[in-house]
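K.L.:
I have a structure I would like to understand better, so I am pasting it below and will then ask my questions one at a time.
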Amino acid sequence: MTGAAETPTARMRKALHRARTSVRKAGVDYFRGDGSDWVALTALLMSVPALALGTIAQPDWCSPAALVLPIVAGGLLLRPASLLGLYSAAAAALIAEAQILDPYEEGAERVTPGTILVVAAVAFFGLLIAQFRSRVGVPWRRGGTMLFDLRERIRVQSKLPKLPHGWHREMALRPAGGQSFSGDFVVAARTNGGRTLEVVLTDVSGKGMDAASRALLLSGAFGGLLGSLPPHDFLHAANGYLLRQDWDEGFATSVHLVLDLDSGDYELFSAGHVPRLHLSAGSGRWEEKSAEGPLLGVYDGAEFDPARGTLRRGDVLMLFTDGLVETSERELTEGMDRLTGEADRYVTSGFHGAAWHLIEAVAKDVNDDRALLLICRD
């Protein structure tokens with residue numbers, strides 16, 4: 001009865017709704033790279049005769065080499081099979097232009113062998129790009145989105161948890177060469193019912209984009225291990241994980257901080273990492289905290305002995321990677337002295353917002369990944 005009573009207006013509204021839904025779905029699929037490329041192919045095929053007509057009518061304003069424009073766009077937008085159809089149309093347009101325009105006269109209004117070579121070379125490289133995208137399975141519309149997603153995942157995984165009143169934490173990360181991707185990363189969690197803060201700062205071998213994919217993989221794995229194992233077993237499990245990857249350049253340095261937020265007592269486990277710095281508010285001096293342990297991913301059965309300490313009121317603990325204090329022109333001790341000298345400026349005013357400024361002051365132009373983590377007890 002409901003269908004029989006349906007009015008033509010209602011049926012038209014349903015049809016329009018289905019059409020809008022289909023168009024919206026096609027647009028979303030096209031942006032994600034899951035849909036057909038017929039829209040782009042149709043537009044580019046229509047541009048080819050338009051350019052050819054423009055060349056024939058006004059060769060001074062529209063050169064025969066203008067056909068590279070749809071070819072370049074096709075290399076970015078189309079699949080290899082569709083791209084071959086576009087190339088056929090461009091070749092036909094070049095033949096028509098050569099027949100209509102006198103190729104033996106001087107001036108822009110002619111199709112020269114150089115023009116044909118330029119168009120053919122651009123088409124060849126466009127086809128290589130399209131085949132590479134097809135092989136990887138990442139359309140151009142998703143390439144930038146995937147890189148952005150990779151960067152955001154590393155940032156989210158490096159986010160530090162909130163600490164109770166009386167504690168302050170902050171982290172700054174600077175990739176090598178001003179890139180968006182870094183081989184340094186942090187994973188952190190509050191365990192033991194929130195009474196313990198566990199932080200792992202890791203420096204993956206390599207830098208920038210070369211180390212970004214491995215850093216993402218390790219940050220996810222380390223984040224899963226953190227809090228799931230007793231603190232003394234974390235680096236043992238992380239070392240075994242790296243050994244199982246069997247990477248050609250698969251080592252990493254890491255430091256694991258286990259901090260009791262009630263008492264301020266902490267343990268530091270190190271895997272080949274640079275020493276840490278502990279500021280004692282009572283003496284006003286920085287003390288190096290070194291723990292024994294080999295690099296991660298070098299050999300099985302490694303042992304990691306902790307260094308212990310206590311953060312009292314006004315104390316500060318700095319964890320950082322070697323890119324901040326060590327370069328080919330600067331030794332580790334010199335870099336540590338420079339870092340403590342700059343950090344002394346914040347002792348009286350407090351270290352809120354100091355992490356980024358310390359990297360800028362100590363290692364602004366260093367071509368290496370740099371990370372700095374501050375844990376302060378107010």
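FYI, nothing fancy with the structure tokens labels: chains A, B, ... in order, residues from 1 per chain, ligands from 1 as they appear.
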Considering only C-alpha atoms, return as a PyMOL selection string whatever protein or nucleic-acid residues lie within 6 Å of stretch 189-206 of chain A, sequence-local ones (same chain, fewer than 6 positions apart) excluded.
P.N.:
chain A and resi 183+227+251-261
K.L.:
Tell me, as a list in words, which residues lie within 12 Å of A:Thr340, counting only C-alpha atoms; anything in the same chain fewer than 3 positions away does not count.
P.N.:
Arg276, Leu277, His278, Leu279, Gly284, Arg285, Trp286, Glu287, Glu288, Val316, Leu317, Met318, Leu324, Val325, Thr333, Glu334, Gly335, Met336, Asp337, Ala343, Asp344, Arg345, Tyr346, Val347, Leu358, Ile359, Ala361 and Val362 of chain A
K.L.:
Near stretch 59-64 of chain A, counting only C-alpha atoms, which residues have an atom at most 12 Å away, once you skip same-chain residues fewer than 3 positions from it, shown as JSON, numbers by chain?
P.N.:
{"A": [48, 49, 50, 51, 52, 53, 54, 55, 56, 67, 68, 69, 90, 91, 93, 94, 95, 96, 97, 98, 100, 101, 102, 103, 107, 108, 109, 110, 111, 112, 113, 114, 115, 116, 117, 118, 119]}
K.L.:
What are the DSSP helix (DSSP H, G or I) residues of stretch 157-325 of chain A, as a PDB file with N, CA, C and O atoms, in the first residue's frame?
P.N.:
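Final output, saved to result_8.pdb:
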ATOM      1  N   GLN A 157      52.348   8.325  18.894  1.00  0.00           N
ATOM      2  CA  GLN A 157      52.996   7.312  19.710  1.00  0.00           C
ATOM      3  C   GLN A 157      54.060   7.915  20.623  1.00  0.00           C
ATOM      4  O   GLN A 157      54.420   7.321  21.636  1.00  0.00           O
ATOM      5  N   ALA A 176      66.693  15.358  11.133  1.00  0.00           N
ATOM      6  CA  ALA A 176      67.859  15.827  10.368  1.00  0.00           C
ATOM      7  C   ALA A 176      67.404  16.536   9.104  1.00  0.00           C
ATOM      8  O   ALA A 176      66.428  16.140   8.459  1.00  0.00           O
ATOM      9  N   GLY A 177      68.125  17.584   8.738  1.00  0.00           N
ATOM     10  CA  GLY A 177      67.881  18.267   7.475  1.00  0.00           C
ATOM     11  C   GLY A 177      66.556  18.968   7.368  1.00  0.00           C
ATOM     12  O   GLY A 177      66.081  19.255   6.265  1.00  0.00           O
ATOM     13  N   GLY A 178      65.893  19.252   8.487  1.00  0.00           N
ATOM     14  CA  GLY A 178      64.603  19.929   8.438  1.00  0.00           C
ATOM     15  C   GLY A 178      63.474  19.076   7.910  1.00  0.00           C
ATOM     16  O   GLY A 178      62.423  19.602   7.516  1.00  0.00           O
ATOM     17  N   MET A 209      64.446  10.343   6.625  1.00  0.00           N
ATOM     18  CA  MET A 209      63.555   9.417   5.933  1.00  0.00           C
ATOM     19  C   MET A 209      64.100   7.990   5.914  1.00  0.00           C
ATOM     20  O   MET A 209      63.342   7.036   5.899  1.00  0.00           O
ATOM     21  N   ASP A 210      65.439   7.842   5.913  1.00  0.00           N
ATOM     22  CA  ASP A 210      66.028   6.513   5.875  1.00  0.00           C
ATOM     23  C   ASP A 210      65.657   5.702   7.108  1.00  0.00           C
ATOM     24  O   ASP A 210      65.533   4.473   7.051  1.00  0.00           O
ATOM     25  N   ALA A 211      65.509   6.361   8.236  1.00  0.00           N
ATOM     26  CA  ALA A 211      65.218   5.659   9.485  1.00  0.00           C
ATOM     27  C   ALA A 211      63.745   5.758   9.892  1.00  0.00           C
ATOM     28  O   ALA A 211      63.341   5.126  10.869  1.00  0.00           O
ATOM     29  N   ALA A 212      62.938   6.532   9.144  1.00  0.00           N
ATOM     30  CA  ALA A 212      61.559   6.783   9.565  1.00  0.00           C
ATOM     31  C   ALA A 212      60.719   5.510   9.582  1.00  0.00           C
ATOM     32  O   ALA A 212      59.952   5.276  10.522  1.00  0.00           O
ATOM     33  N   SER A 213      60.830   4.681   8.543  1.00  0.00           N
ATOM     34  CA  SER A 213      60.005   3.472   8.496  1.00  0.00           C
ATOM     35  C   SER A 213      60.363   2.514   9.620  1.00  0.00           C
ATOM     36  O   SER A 213      59.495   1.917  10.249  1.00  0.00           O
ATOM     37  N   ARG A 214      61.684   2.369   9.903  1.00  0.00           N
ATOM     38  CA  ARG A 214      62.086   1.493  10.998  1.00  0.00           C
ATOM     39  C   ARG A 214      61.686   2.085  12.347  1.00  0.00           C
ATOM     40  O   ARG A 214      61.334   1.358  13.274  1.00  0.00           O
ATOM     41  N   ALA A 215      61.749   3.408  12.460  1.00  0.00           N
ATOM     42  CA  ALA A 215      61.327   4.046  13.703  1.00  0.00           C
ATOM     43  C   ALA A 215      59.839   3.818  13.953  1.00  0.00           C
ATOM     44  O   ALA A 215      59.426   3.570  15.095  1.00  0.00           O
ATOM     45  N   LEU A 216      59.025   3.890  12.909  1.00  0.00           N
ATOM     46  CA  LEU A 216      57.592   3.649  13.066  1.00  0.00           C
ATOM     47  C   LEU A 216      57.335   2.221  13.505  1.00  0.00           C
ATOM     48  O   LEU A 216      56.540   1.959  14.412  1.00  0.00           O
ATOM     49  N   LEU A 217      58.014   1.262  12.873  1.00  0.00           N
ATOM     50  CA  LEU A 217      57.834  -0.139  13.231  1.00  0.00           C
ATOM     51  C   LEU A 217      58.267  -0.392  14.673  1.00  0.00           C
ATOM     52  O   LEU A 217      57.557  -1.044  15.450  1.00  0.00           O
ATOM     53  N   LEU A 218      59.419   0.145  15.060  1.00  0.00           N
ATOM     54  CA  LEU A 218      59.925  -0.087  16.409  1.00  0.00           C
ATOM     55  C   LEU A 218      59.086   0.636  17.457  1.00  0.00           C
ATOM     56  O   LEU A 218      58.876   0.108  18.558  1.00  0.00           O
ATOM     57  N   SER A 219      58.609   1.827  17.144  1.00  0.00           N
ATOM     58  CA  SER A 219      57.800   2.544  18.125  1.00  0.00           C
ATOM     59  C   SER A 219      56.514   1.796  18.425  1.00  0.00           C
ATOM     60  O   SER A 219      56.067   1.748  19.577  1.00  0.00           O
ATOM     61  N   GLY A 220      55.910   1.185  17.396  1.00  0.00           N
ATOM     62  CA  GLY A 220      54.719   0.387  17.636  1.00  0.00           C
ATOM     63  C   GLY A 220      55.017  -0.850  18.464  1.00  0.00           C
ATOM     64  O   GLY A 220      54.277  -1.196  19.392  1.00  0.00           O
ATOM     65  N   ALA A 221      56.133  -1.531  18.139  1.00  0.00           N
ATOM     66  CA  ALA A 221      56.507  -2.732  18.885  1.00  0.00           C
ATOM     67  C   ALA A 221      56.890  -2.394  20.328  1.00  0.00           C
ATOM     68  O   ALA A 221      56.462  -3.063  21.277  1.00  0.00           O
ATOM     69  N   PHE A 222      57.683  -1.332  20.514  1.00  0.00           N
ATOM     70  CA  PHE A 222      58.104  -0.953  21.862  1.00  0.00           C
ATOM     71  C   PHE A 222      56.921  -0.474  22.688  1.00  0.00           C
ATOM     72  O   PHE A 222      56.858  -0.711  23.897  1.00  0.00           O
ATOM     73  N   GLY A 223      55.978   0.231  22.032  1.00  0.00           N
ATOM     74  CA  GLY A 223      54.786   0.663  22.754  1.00  0.00           C
ATOM     75  C   GLY A 223      53.959  -0.508  23.239  1.00  0.00           C
ATOM     76  O   GLY A 223      53.339  -0.452  24.312  1.00  0.00           O
ATOM     77  N   GLY A 224      53.940  -1.606  22.449  1.00  0.00           N
ATOM     78  CA  GLY A 224      53.221  -2.798  22.889  1.00  0.00           C
ATOM     79  C   GLY A 224      53.931  -3.521  24.023  1.00  0.00           C
ATOM     80  O   GLY A 224      53.279  -4.092  24.914  1.00  0.00           O
ATOM     81  N   LEU A 225      55.262  -3.493  24.015  1.00  0.00           N
ATOM     82  CA  LEU A 225      56.020  -4.161  25.072  1.00  0.00           C
ATOM     83  C   LEU A 225      56.000  -3.377  26.380  1.00  0.00           C
ATOM     84  O   LEU A 225      56.007  -3.973  27.461  1.00  0.00           O
ATOM     85  N   PRO A 231      59.831  -4.075  34.141  1.00  0.00           N
ATOM     86  CA  PRO A 231      60.813  -3.123  33.616  1.00  0.00           C
ATOM     87  C   PRO A 231      62.168  -3.743  33.314  1.00  0.00           C
ATOM     88  O   PRO A 231      62.817  -3.370  32.332  1.00  0.00           O
ATOM     89  N   HIS A 232      62.625  -4.696  34.137  1.00  0.00           N
ATOM     90  CA  HIS A 232      63.936  -5.290  33.927  1.00  0.00           C
ATOM     91  C   HIS A 232      63.997  -6.149  32.667  1.00  0.00           C
ATOM     92  O   HIS A 232      65.093  -6.466  32.187  1.00  0.00           O
ATOM     93  N   ASP A 233      62.843  -6.511  32.115  1.00  0.00           N
ATOM     94  CA  ASP A 233      62.815  -7.394  30.945  1.00  0.00           C
ATOM     95  C   ASP A 233      62.577  -6.651  29.640  1.00  0.00           C
ATOM     96  O   ASP A 233      62.614  -7.265  28.564  1.00  0.00           O
ATOM     97  N   PHE A 234      62.315  -5.344  29.717  1.00  0.00           N
ATOM     98  CA  PHE A 234      61.928  -4.630  28.497  1.00  0.00           C
ATOM     99  C   PHE A 234      63.047  -4.630  27.459  1.00  0.00           C
ATOM    100  O   PHE A 234      62.823  -4.984  26.293  1.00  0.00           O
ATOM    101  N   LEU A 235      64.248  -4.204  27.820  1.00  0.00           N
ATOM    102  CA  LEU A 235      65.326  -4.122  26.841  1.00  0.00           C
ATOM    103  C   LEU A 235      65.731  -5.495  26.323  1.00  0.00           C
ATOM    104  O   LEU A 235      66.155  -5.622  25.169  1.00  0.00           O
ATOM    105  N   HIS A 236      65.590  -6.531  27.146  1.00  0.00           N
ATOM    106  CA  HIS A 236      65.867  -7.890  26.659  1.00  0.00           C
ATOM    107  C   HIS A 236      64.898  -8.248  25.535  1.00  0.00           C
ATOM    108  O   HIS A 236      65.306  -8.793  24.499  1.00  0.00           O
ATOM    109  N   ALA A 237      63.597  -7.934  25.738  1.00  0.00           N
ATOM    110  CA  ALA A 237      62.598  -8.221  24.706  1.00  0.00           C
ATOM    111  C   ALA A 237      62.812  -7.358  23.474  1.00  0.00           C
ATOM    112  O   ALA A 237      62.666  -7.828  22.335  1.00  0.00           O
ATOM    113  N   ALA A 238      63.162  -6.084  23.674  1.00  0.00           N
ATOM    114  CA  ALA A 238      63.410  -5.191  22.533  1.00  0.00           C
ATOM    115  C   ALA A 238      64.621  -5.658  21.733  1.00  0.00           C
ATOM    116  O   ALA A 238      64.615  -5.615  20.494  1.00  0.00           O
ATOM    117  N   ASN A 239      65.648  -6.103  22.417  1.00  0.00           N
ATOM    118  CA  ASN A 239      66.833  -6.607  21.733  1.00  0.00           C
ATOM    119  C   ASN A 239      66.501  -7.840  20.903  1.00  0.00           C
ATOM    120  O   ASN A 239      66.928  -7.973  19.748  1.00  0.00           O
ATOM    121  N   GLY A 240      65.726  -8.755  21.457  1.00  0.00           N
ATOM    122  CA  GLY A 240      65.314  -9.933  20.694  1.00  0.00           C
ATOM    123  C   GLY A 240      64.467  -9.585  19.489  1.00  0.00           C
ATOM    124  O   GLY A 240      64.587 -10.216  18.431  1.00  0.00           O
ATOM    125  N   TYR A 241      63.614  -8.571  19.632  1.00  0.00           N
ATOM    126  CA  TYR A 241      62.776  -8.160  18.500  1.00  0.00           C
ATOM    127  C   TYR A 241      63.630  -7.643  17.348  1.00  0.00           C
ATOM    128  O   TYR A 241      63.402  -7.994  16.190  1.00  0.00           O
ATOM    129  N   LEU A 242      64.632  -6.803  17.651  1.00  0.00           N
ATOM    130  CA  LEU A 242      65.496  -6.292  16.588  1.00  0.00           C
ATOM    131  C   LEU A 242      66.296  -7.404  15.931  1.00  0.00           C
ATOM    132  O   LEU A 242      66.489  -7.396  14.709  1.00  0.00           O
ATOM    133  N   LEU A 243      66.758  -8.357  16.713  1.00  0.00           N
ATOM    134  CA  LEU A 243      67.534  -9.462  16.135  1.00  0.00           C
ATOM    135  C   LEU A 243      66.684 -10.278  15.170  1.00  0.00           C
ATOM    136  O   LEU A 243      67.171 -10.744  14.138  1.00  0.00           O
ATOM    137  N   ARG A 244      65.404 -10.429  15.470  1.00  0.00           N
ATOM    138  CA  ARG A 244      64.519 -11.214  14.585  1.00  0.00           C
ATOM    139  C   ARG A 244      64.225 -10.497  13.273  1.00  0.00           C
ATOM    140  O   ARG A 244      63.850 -11.135  12.281  1.00  0.00           O
ATOM    141  N   GLN A 245      64.383  -9.180  13.229  1.00  0.00           N
ATOM    142  CA  GLN A 245      64.116  -8.448  11.990  1.00  0.00           C
ATOM    143  C   GLN A 245      65.182  -8.704  10.935  1.00  0.00           C
ATOM    144  O   GLN A 245      64.922  -8.594   9.743  1.00  0.00           O
ATOM    145  N   ASP A 322      72.268  11.150  20.854  1.00  0.00           N
ATOM    146  CA  ASP A 322      73.638  11.617  20.626  1.00  0.00           C
ATOM    147  C   ASP A 322      73.724  12.760  19.625  1.00  0.00           C
ATOM    148  O   ASP A 322      74.699  13.508  19.624  1.00  0.00           O
ATOM    149  N   GLY A 323      72.712  12.918  18.746  1.00  0.00           N
ATOM    150  CA  GLY A 323      72.741  14.025  17.797  1.00  0.00           C
ATOM    151  C   GLY A 323      72.733  15.376  18.464  1.00  0.00           C
ATOM    152  O   GLY A 323      73.147  16.379  17.863  1.00  0.00           O
ATOM    153  N   LEU A 324      72.293  15.445  19.733  1.00  0.00           N
ATOM    154  CA  LEU A 324      72.239  16.718  20.445  1.00  0.00           C
ATOM    155  C   LEU A 324      73.600  17.133  20.983  1.00  0.00           C
ATOM    156  O   LEU A 324      73.885  18.332  21.111  1.00  0.00           O
TER     157      LEU A 324
END
K.L.:
Name the closest residue to A:Ser349 among the candidates A:Ser228, A:Leu373, A:Asp378, A:Thr321; distances are taken between atoms, counting only C-alpha atoms.
P.N.:
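Among the listed residues, A:Asp378 lies closest to A:Ser349.
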K.L.:
Could you check how far atom CA of A:Ser328 sits from atom CA of A:Gly341, in Å to one decimal?
P.N.:
20.6 Å
K.L.:
Suppose you want the space between atom CA of A:Val187 and atom CA of A:Ser270; what is it in Å?
P.N.:
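These atoms are spaced 14.9 Å apart.
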